[in-house]
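A.B. asks: Enclosed is the structure file my_file-v4.pdb (PDB, C-alpha atoms).
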ATOM      1  CA  ALA A   1     -37.075  -3.943  19.253
ATOM      2  CA  ARG A   2     -37.047  -4.250  15.470
ATOM      3  CA  VAL A   3     -33.408  -3.148  15.121
ATOM      4  CA  ARG A   4     -30.638  -4.780  17.141
ATOM      5  CA  LEU A   5     -27.203  -3.153  17.272
ATOM      6  CA  TYR A   6     -24.174  -5.116  18.386
ATOM      7  CA  ALA A   7     -20.427  -4.836  18.822
ATOM      8  CA  LEU A   8     -17.943  -7.671  18.600
ATOM      9  CA  GLY A   9     -14.289  -8.258  19.306
ATOM     10  CA  GLY A  10     -11.873 -11.094  19.711
ATOM     11  CA  GLY A  11      -8.367 -12.408  19.379
ATOM     12  CA  GLY A  12      -6.560 -15.500  18.254
ATOM     13  CA  LEU A  13      -4.139 -16.702  15.589
ATOM     14  CA  GLY A  14      -4.121 -16.104  11.859
ATOM     15  CA  HIS A  15      -2.125 -17.661   9.039
ATOM     16  CA  ILE A  16       0.066 -15.383   6.897
ATOM     17  CA  ARG A  17       1.422 -16.500   3.546
ATOM     18  CA  GLN A  18       3.568 -13.994   1.673
ATOM     19  CA  ARG A  19       5.672 -13.911  -1.471
ATOM     20  CA  TYR A  20       9.031 -12.185  -1.386
ATOM     21  CA  TYR A  21      12.151 -11.629  -3.466
ATOM     22  CA  LEU A  22      15.838 -11.640  -2.553
ATOM     23  CA  VAL A  23      16.628  -8.863  -5.025
ATOM     24  CA  PRO A  24      14.869  -5.518  -5.526
ATOM     25  CA  GLU A  25      12.556  -4.973  -8.461
ATOM     26  CA  PHE A  26      14.155  -3.564 -11.588
ATOM     27  CA  VAL A  27      12.477  -2.917 -14.890
ATOM     28  CA  GLY A  28      12.750  -6.031 -17.025
ATOM     29  CA  ALA A  29      14.690  -8.020 -14.403
ATOM     30  CA  ASP A  30      13.704 -11.672 -13.988
ATOM     31  CA  ARG A  31      13.875 -12.530 -10.280
ATOM     32  CA  PRO A  32      12.968 -15.721  -8.415
ATOM     33  CA  GLU A  33       9.898 -15.579  -6.193
ATOM     34  CA  LEU A  34       9.998 -17.227  -2.742
ATOM     35  CA  THR A  35       7.181 -17.851  -0.245
ATOM     36  CA  ARG A  36       7.004 -17.762   3.536
ATOM     37  CA  SER A  37       4.208 -18.986   5.780
ATOM     38  CA  LYS A  38       3.640 -18.531   9.519
ATOM     39  CA  LEU A  39       1.089 -18.187  12.309
ATOM     40  CA  ALA A  40       0.620 -14.659  13.653
ATOM     41  CA  PRO A  41      -1.329 -13.163  16.564
ATOM     42  CA  ALA A  42      -4.621 -11.657  15.400
ATOM     43  CA  MET A  43      -7.272  -9.351  16.795
ATOM     44  CA  SER A  44     -10.609  -8.371  15.332
ATOM     45  CA  PHE A  45     -13.339  -5.884  16.160
ATOM     46  CA  GLY A  46     -16.437  -4.462  14.540
ATOM     47  CA  ALA A  47     -20.108  -3.584  14.794
ATOM     48  CA  GLY A  48     -23.348  -4.382  13.024
ATOM     49  CA  ALA A  49     -27.118  -4.156  12.982
ATOM     50  CA  THR A  50     -29.958  -6.623  12.432
ATOM     51  CA  LEU A  51     -33.442  -5.565  11.313
ATOM     52  CA  ASP A  52     -36.434  -7.833  12.006
ATOM     53  CA  ILE A  53     -38.624  -8.158   8.901
ATOM     54  CA  THR A  54     -41.060 -10.674  10.409
ATOM     55  CA  ARG A  55     -41.058 -12.758  13.587
ATOM     56  CA  ARG A  56     -38.885 -15.379  11.892
ATOM     57  CA  ILE A  57     -36.905 -13.438   9.273
ATOM     58  CA  ALA A  58     -34.323 -10.690   9.768
ATOM     59  CA  VAL A  59     -31.626  -9.040   7.645
ATOM     60  CA  GLY A  60     -28.366  -7.625   8.871
ATOM     61  CA  CYS A  61     -25.056  -6.066   7.957
ATOM     62  CA  ASP A  62     -21.769  -5.589   9.747
ATOM     63  CA  LEU A  63     -18.343  -4.005   9.394
ATOM     64  CA  ARG A  64     -15.315  -5.846  10.785
ATOM     65  CA  SER A  65     -11.616  -5.070  10.995
ATOM     66  CA  LEU A  66      -8.898  -7.750  11.244
ATOM     67  CA  HIS A  67      -5.316  -6.990  12.358
ATOM     68  CA  LEU A  68      -2.443  -9.497  12.128
ATOM     69  CA  ARG A  69       0.917  -8.803  13.813
ATOM     70  CA  ASP A  70       3.819  -9.788  11.569
ATOM     71  CA  ASP A  71       7.570  -9.278  11.949
ATOM     72  CA  GLU A  72       9.048  -6.176  10.386
ATOM     73  CA  GLY A  73      10.661  -6.869   7.017
ATOM     74  CA  GLU A  74      14.370  -7.603   6.824
ATOM     75  CA  GLU A  75      16.572  -5.619   4.474
ATOM     76  CA  ALA A  76      17.733  -8.853   2.832
ATOM     77  CA  ARG A  77      14.125  -9.755   1.949
ATOM     78  CA  PHE A  78      11.834  -7.352   0.169
ATOM     79  CA  ILE A  79       8.614  -8.396   1.941
ATOM     80  CA  ILE A  80       5.697  -6.022   1.481
ATOM     81  CA  PRO A  81       3.551  -5.591   3.527
ATOM     82  CA  ALA A  82       5.277  -6.223   6.847
ATOM     83  CA  GLY A  83       4.552  -5.193  10.426
ATOM     84  CA  TRP A  84       0.807  -4.855  11.042
ATOM     85  CA  ILE A  85      -1.317  -6.343   8.260
ATOM     86  CA  ARG A  86      -4.874  -4.983   8.255
ATOM     87  CA  THR A  87      -8.066  -5.737   6.376
ATOM     88  CA  VAL A  88     -11.693  -4.581   6.541
ATOM     89  CA  ARG A  89     -14.741  -6.670   5.703
ATOM     90  CA  VAL A  90     -18.337  -5.620   5.041
ATOM     91  CA  GLY A  91     -20.860  -8.427   5.350
ATOM     92  CA  ALA A  92     -24.588  -8.975   4.907
ATOM     93  CA  ARG A  93     -26.811 -11.767   6.169
ATOM     94  CA  ILE A  94     -30.326 -13.148   6.259
ATOM     95  CA  VAL A  95     -31.527 -14.763   9.507
ATOM     96  CA  TRP A  96     -34.253 -17.374   9.736
ATOM     97  CA  ARG A  97     -35.400 -18.285  13.242
ATOM     98  CA  PHE A  98     -37.078 -21.642  13.801
TER      99      PHE A  98
END
Step by step, read the file and then write its structure as structure tokens.

C.D. replies:
Amino acid sequence: ARVRLYALGGGGLGHIRQRYYLVPEFVGADRPELTRSKLAPAMSFGAGATLDITRRIAVGCDLRSLHLRDDEGEEARFIIPAGWIRTVRVGARIVWRF
């Protein structure tokens, strides 16, 4: 087959680093910025396709979604975003078989 379709999925840990403030944002207010860092459970899934150009060369693209589970924000800390943190990635590749 010249075109190969595939699905992928997985889980693991991801690193979250966020900036937050102890006071809400006001116009013109100077507020100190703090940082927090932690490991969070992660899951990913997506799909893609690869097209054979020649016997040794192929091109492909895929779409992947990554979800990290974070704690909900506390009222004392104005952390945005909190809860589920999500991102989507579109990728392209060139394959050379030897």

A.B. asks: Within 7 Å of (-1.0, -3.8, 12.7), in the coordinates the file gives, what residues turn up when you count all atoms listed in the file, written out as a list in words?

C.D. replies: His67, Leu68, Arg69, Gly83, Trp84, Ile85 and Arg86 of chain A

A.B. asks: Evaluate the PyMOL selection byres ((chain A and resi 88) around 12) on the structure here and hand back the selected residues as an mmCIF file with C-alpha atoms, in the frame of the given file.

C.D. replies:
data_model
loop_
_atom_site.group_PDB
_atom_site.id
_atom_site.type_symbol
_atom_site.label_atom_id
_atom_site.label_comp_id
_atom_site.auth_asym_id
_atom_site.auth_seq_id
_atom_site.Cartn_x
_atom_site.Cartn_y
_atom_site.Cartn_z
ATOM 1 C CA SER A 44 -10.609 -8.371 15.332
ATOM 2 C CA PHE A 45 -13.339 -5.884 16.160
ATOM 3 C CA GLY A 46 -16.437 -4.462 14.540
ATOM 4 C CA ALA A 47 -20.108 -3.584 14.794
ATOM 5 C CA ASP A 62 -21.769 -5.589 9.747
ATOM 6 C CA LEU A 63 -18.343 -4.005 9.394
ATOM 7 C CA ARG A 64 -15.315 -5.846 10.785
ATOM 8 C CA SER A 65 -11.616 -5.070 10.995
ATOM 9 C CA LEU A 66 -8.898 -7.750 11.244
ATOM 10 C CA HIS A 67 -5.316 -6.990 12.358
ATOM 11 C CA LEU A 68 -2.443 -9.497 12.128
ATOM 12 C CA ILE A 85 -1.317 -6.343 8.260
ATOM 13 C CA ARG A 86 -4.874 -4.983 8.255
ATOM 14 C CA THR A 87 -8.066 -5.737 6.376
ATOM 15 C CA ARG A 89 -14.741 -6.670 5.703
ATOM 16 C CA VAL A 90 -18.337 -5.620 5.041
ATOM 17 C CA GLY A 91 -20.860 -8.427 5.350
#

A.B. asks: Any chance you could resolve the PyMOL selection byres ((chain A and resi 93) around 9) against this file and give the residues as a list in words?

C.D. replies: Thr50, Ala58, Val59, Gly60, Cys61, Asp62, Gly91, Ala92, Ile94 and Val95 of chain A

A.B. asks: I need the residues from that last selection saved to file as a compact mmCIF listing (two decimals), in the coordinates of the input (with C-alpha atoms), if you can.

C.D. replies:
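The resulting file, part20.txt, is reproduced below:
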# COMPACT_ATOMS: atom_id res chain seq x y z
CA THR A 50 -29.96 -6.62 12.43
CA ALA A 58 -34.32 -10.69 9.77
CA VAL A 59 -31.63 -9.04 7.64
CA GLY A 60 -28.37 -7.62 8.87
CA CYS A 61 -25.06 -6.07 7.96
CA ASP A 62 -21.77 -5.59 9.75
CA GLY A 91 -20.86 -8.43 5.35
CA ALA A 92 -24.59 -8.98 4.91
CA ILE A 94 -30.33 -13.15 6.26
CA VAL A 95 -31.53 -14.76 9.51

A.B. asks: Expand the PyMOL selection byres ((chain A and resi 17) around 12) into the individual residues it matches in the shown file, reporting them as a ChimeraX atom specification.

C.D. replies: /A:14-16,18-20,34-40,68,70,79-82,85

A.B. asks: So how many Å separate CA of Gly48 (chain A) and CA of Ala7 (chain A), to one decimal?

C.D. replies: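 Here the two named atoms are 6.5 Å from each other.
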
A.B. asks: Which residue out of A:Val3, A:Glu33, A:Leu22, A:Pro41 has the minimum interatomic distance to Asp71 (chain A) when all atoms listed in the file are used?

C.D. replies: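 Of all the options, A:Pro41 lies closest to Asp71 (chain A).
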
A.B. asks: Please report the interatomic distance between CA of Leu51 (chain A) and CA of Tyr6 (chain A) in Å with one decimal.

C.D. replies: 11.7 Å

A.B. asks: For a quick check of understanding, using all atoms listed in the file, which of A:Met43, A:Arg56, A:Arg97, A:Pro32 has the smallest distance to Leu8 (chain A)?

C.D. replies: A:Met43

A.B. asks: Measure the distance from CA of Trp96 (chain A) to CA of Gly12 (chain A) in Å and round it to one decimal.

C.D. replies: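 According to the coordinates, CA of Trp96 (chain A) and CA of Gly12 (chain A) are separated by 29.0 Å.
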